[in-house]
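Worksheet for the structure shown next.
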Amino acid sequence: MTKSNNMSQTRRDFIKTAALGASAAVGASLWGGCSSSTNPAQAGADHTAQGNGFVGYGTGAKGDLSALVVIEDGAIKSVAPGPNLESQGPGETAFKLLSQRVVDAQSINVDAISGATLTSLGYLSAIKEAVESAGMTEAFDTPVASEVVKREDAEYDVVVVGAGGAGLMAAMTLIYPNYDNVKSEIKVIVLEKLDIVGGSTSLSYGGCAVGDGLQANDTMGYHVTPEEMVDLLRKRNSDGVNEPLAKAIFTKSPDTVARISAFGGPYATSYTGSVKKYSGYTYLQMDANLNILLSEVDKAGLGMYSNQGGFALAHFLETKVRQSGCEIRTGAKAAKLLAQGNKVLGVHVIEGTTEYDLKAKKVILACGGFTQNSDYMKELTGDLIPKYTPWCSAGATGDAFTLTKDLNTTRVGKGALVYFSLGTQLGMFADLNNIFRQRKQIVVNEEGQRMVDENQDEYAIAYHISQATNGHAFAIIDSENPNVGVFQKWIERGKVVKADTIKELAEKYGIDHAGLEATIKAYNTAYENGESPEFDTPLEAMYPVKTGPFYAGEISCCIIGSLVGLKVNENCQIIGENDTPIEDLYGVGEVCLGGNILSMLYSGGCSIATALNSGRISAEHIAKTINK
Ligand SMILES: Cc1cc2nc3c(=O)[nH]c(=O)nc-3n(C[C@H](O)[C@H](O)[C@H](O)COP(=O)(O)OP(=O)(O)OC[C@H]3O[C@@H](n4cnc5c(N)ncnc54)[C@H](O)[C@@H]3O)c2cc1C
């Protein structure tokens, strides 16, 4: 139980009274946090009209949540979430699966949904509290027998390990090579070790880097050739780029999003509203209605931004793959590769208490990154992990490294993808974070010094913040700054301070005040003289700090991906001994992002571009070679 009895009683009575039909409209809106077409809460609201609905509360990954449990004739008839911040993206799947588990088992002792543990635990607490308030705890506090899965060894043409963007895109391309509804003969299975499909892809914004070839580029006058893109990546990747692969990815990228869109996927068909120029190339965001949109629930809450762009992408791919008849087997972990010398023959799978082999002509490793594996993080990213929270899929445990450890593979790249964050609970989804993204502020370290041109792309700034003293920095603005309204909102939440003088402002955050005063003086003087200050910030991108009161917001970082991967060739075949491809083994998505495309310094949209296009590249190579 997460709330005191008095407190939860008051809230419970309030919601129950409303739901009981004093006003049907009020009752419905109270449960309006999820989409109405799929929201079992609607069913719950109907049942409450008969007086059998009970409400409980819990705390999920993003704050408070509630559950409505309908009990009739001594049985749990339905379970549904109330308004909450979790119902964006994967949280919604967790609610559905967990509600079903409780109804099927007629027990409050079901397992959490792996991949959404915090949401699940909060929701289970809420369900238990609701059942307790019905006086039915004893009836439903029953043990649940663990499900016994029976599987035989089997054979497929292709086994895809990992159901994130890369694995699902590979599977969809294998099944529908022309992105129409005509299926190939290739027999594919996708394994996913979590209960939830989508990986980090479904947590992401879904923004994708694309170059020339989109109608929108012409409309908006943005142009970048694949060669220019490779050049840009070379400049950001100290270890060198896998040029043939990078060129193949950015040659295909516009065609891939156009095909996904034509095939019913969530990229906007008229791109103009969602394309921006980004470090010299085009960054295509999801349909603006799906992405970076304050949800209705958020408006009254913490000002979180939605991750529904990436979720919509993963959900589209999952639906297409499942509708084809291809199995996506959840809760099934590829634990070992079956191999003979340099040739891979399939995978050994652990599913619950059962183990079996899946033989395959080709295996695609689409296991995502390693940011949730603290050993790999320590080994491969130095001191990032103690500082920052990984805000990635729970499945990002570096299984591609573990599975191939005996195959003489080579790890390439450095570090992890860091991005602005307000702190561990809020991750990157908050309006203040999105204001930081606009780069209309001076950014200083604890010494009060600027570290980087604030007009650079946000990933470069985030990287510099990760290297600053204590891994954080401060955005400084004055009262005339266009974003002052959002800064003011966050004072109460303890993420922004306000003061009449720069000295006072610095002291509130423990910034060296003499350093900050000198920095601001030099910056303002340069601006008045029409000169660029240090780091060559252009005049039109400068925001002088002159008019009090002044504001400072603390910027920290979170980790949203891996920048170390396995060395692959231009077909995404994993390279083994003697620099030759391991036979019949592919690595796609974050498995091949680090070192091949990026290292240390991220470029926006390149992960999704790599996930989708490397998935497609591996599938096209397999289609050409599988029966030869
Ligand atoms: C919050 C956030 C925002 C982001 N925004 C963007 C953005 O806008 N643009 C962009 O380009 N990038 C973005 N990224 C990065 C991008 O989303 C990822 O790099 C990309 O989606 C990775 O795709 P993937 O398919 O390689 O891995 P994932 O999507 O993580 O999928 C891998 C899957 O493999 C499963 N798996 C792992 N091991 C096994 C095993 N042994 N057996 C079975 N299954 C296994 C995992 O559980 C997981 O589901 C963002 C990331 C985050 C976290």
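Ligands are numbered from 1 in the order shown, chains are lettered A, B, ... in the order of the structure tokens, and residues start at 1 in each chain.
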
As JSON, numbers by chain, please: the residues near region 132-148 of chain A (cut-off 10 Å, only C-alpha atoms, same-chain neighbours under 4 positions excluded). {"A": [1, 5, 8, 9, 12, 52, 53, 54, 55, 56, 69, 70, 71, 74, 75, 76, 102, 105, 106, 107, 108, 109, 110, 111, 126, 127, 128, 351, 352, 353, 354]}

Using only C-alpha atoms and all ligand atoms, find each residue in chain A having at least one atom no more than 6 Å away from ligand 1; report its shortest atom-to-atom pair and that distance in Å (one decimal), rows by chain then rising number, as a tab-separated table.
residue	atom	partner	partner_atom_place_in_ligand_line	distance
A:Val161	CA	ligand 1	43 (C)	4.9
A:Gly162	CA	ligand 1	34 (O)	3.2
A:Ala163	CA	ligand 1	33 (C)	4.8
A:Gly164	CA	ligand 1	31 (O)	3.2
A:Gly165	CA	ligand 1	25 (O)	3.9
A:Ala166	CA	ligand 1	25 (O)	3.7
A:Gly167	CA	ligand 1	25 (O)	5.6
A:Leu191	CA	ligand 1	43 (C)	4.9
A:Glu192	CA	ligand 1	44 (N)	3.7
A:Lys193	CA	ligand 1	43 (C)	4.0
A:Leu194	CA	ligand 1	47 (O)	5.2
A:Val197	CA	ligand 1	49 (O)	5.7
A:Gly198	CA	ligand 1	49 (O)	5.2
A:Gly199	CA	ligand 1	49 (O)	3.3
A:Ser200	CA	ligand 1	30 (O)	3.7
A:Thr201	CA	ligand 1	21 (O)	3.3
A:Leu203	CA	ligand 1	1 (C)	4.9
A:Ser204	CA	ligand 1	3 (C)	3.2
A:Tyr205	CA	ligand 1	8 (O)	3.8
A:Gly206	CA	ligand 1	8 (O)	4.2
A:Gly207	CA	ligand 1	8 (O)	3.7
A:Cys208	CA	ligand 1	11 (O)	5.2
A:Ala332	CA	ligand 1	43 (C)	5.9
A:Lys333	CA	ligand 1	42 (N)	3.7
A:Ala334	CA	ligand 1	42 (N)	4.0
A:Ala335	CA	ligand 1	41 (N)	5.7
A:Ala366	CA	ligand 1	26 (O)	5.6
A:Cys367	CA	ligand 1	34 (O)	3.6
A:Gly368	CA	ligand 1	27 (O)	3.4
A:Trp391	CA	ligand 1	53 (C)	5.3
A:Cys392	CA	ligand 1	53 (C)	4.1
A:Ser393	CA	ligand 1	30 (O)	5.7
A:Gly395	CA	ligand 1	47 (O)	3.4
A:Ala396	CA	ligand 1	46 (C)	5.7
A:Asp399	CA	ligand 1	38 (N)	4.9
A:Ile560	CA	ligand 1	53 (C)	4.0
A:Gly561	CA	ligand 1	19 (O)	5.4
A:Gly589	CA	ligand 1	26 (O)	3.3
A:Glu590	CA	ligand 1	26 (O)	3.9
A:Gly604	CA	ligand 1	11 (O)	5.7
A:Gly605	CA	ligand 1	11 (O)	3.1
A:Cys606	CA	ligand 1	11 (O)	4.4
A:Ser607	CA	ligand 1	11 (O)	3.6
A:Ile608	CA	ligand 1	11 (O)	3.7
A:Ala609	CA	ligand 1	11 (O)	5.9
A:Ala611	CA	ligand 1	23 (O)	5.1

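The nearest approach to Arg450 (chain A) among the residues A:Gly331, A:Gly264, A:Gly515, A:Gly82, with only C-alpha atoms taken into account, belongs to A:Gly515.
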
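Reported to one decimal place, the separation of CA of Gly413 (chain A) from CA of Lys336 (chain A) is 24.2 Å.
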
Of the candidates A:Asp453, A:Glu540, A:Asp239, A:Asp512, which shows the shortest atom-to-atom distance to Arg411 (chain A), using only C-alpha atoms?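 Of the candidates, the smallest distance to Arg411 (chain A) is held by A:Asp239.
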
Who sits within 12 Å of Ser532 (chain A), only C-alpha atoms, same chain under 5 positions skipped, as a CSV table (one decimal) with N, CA and C atoms, in the first residue's frame:
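Saved result, result-v5.csv, follows:
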chain,number,residue,atom,x,y,z
A,453,ASP,N,29.9,26.3,-27.7
A,453,ASP,CA,29.0,27.2,-28.4
A,453,ASP,C,27.6,26.7,-28.2
A,455,ASN,N,25.0,27.3,-29.5
A,455,ASN,CA,24.3,27.2,-30.8
A,455,ASN,C,24.6,25.9,-31.5
A,522,ALA,N,31.6,39.5,-20.2
A,522,ALA,CA,32.3,39.4,-21.5
A,522,ALA,C,31.3,39.1,-22.6
A,523,TYR,N,30.4,38.3,-22.3
A,523,TYR,CA,29.4,37.8,-23.3
A,523,TYR,C,28.5,39.0,-23.7
A,524,ASN,N,28.0,39.8,-22.7
A,524,ASN,CA,27.2,40.9,-23.0
A,524,ASN,C,27.9,42.0,-23.8
A,525,THR,N,29.2,42.2,-23.4
A,525,THR,CA,30.0,43.2,-24.1
A,525,THR,C,30.2,42.8,-25.5
A,526,ALA,N,30.5,41.6,-25.8
A,526,ALA,CA,30.7,41.1,-27.1
A,526,ALA,C,29.4,41.3,-27.9
A,527,TYR,N,28.3,41.0,-27.3
A,527,TYR,CA,27.0,41.2,-28.0
A,527,TYR,C,26.8,42.7,-28.4
A,537,THR,N,30.1,31.9,-31.3
A,537,THR,CA,28.6,31.9,-31.4
A,537,THR,C,28.1,33.0,-32.3
A,538,PRO,N,27.3,32.7,-33.3
A,538,PRO,CA,26.9,33.8,-34.1
A,538,PRO,C,26.0,34.8,-33.4
A,539,LEU,N,26.0,36.0,-33.8
A,539,LEU,CA,25.3,37.1,-33.1
A,539,LEU,C,23.8,36.8,-33.0
A,540,GLU,N,23.2,36.3,-34.0
A,540,GLU,CA,21.8,36.0,-34.0
A,540,GLU,C,21.4,34.9,-33.1
A,541,ALA,N,22.4,34.1,-32.6
A,541,ALA,CA,22.1,33.0,-31.7
A,541,ALA,C,22.5,33.4,-30.3
A,542,MET,N,22.7,34.7,-30.0
A,542,MET,CA,23.2,35.0,-28.7
A,542,MET,C,22.0,35.6,-27.8
A,543,TYR,N,22.0,35.2,-26.6
A,543,TYR,CA,20.9,35.7,-25.7
A,543,TYR,C,21.6,36.4,-24.4
A,544,PRO,N,21.8,37.7,-24.6
A,544,PRO,CA,22.5,38.4,-23.5
A,544,PRO,C,21.7,38.3,-22.2
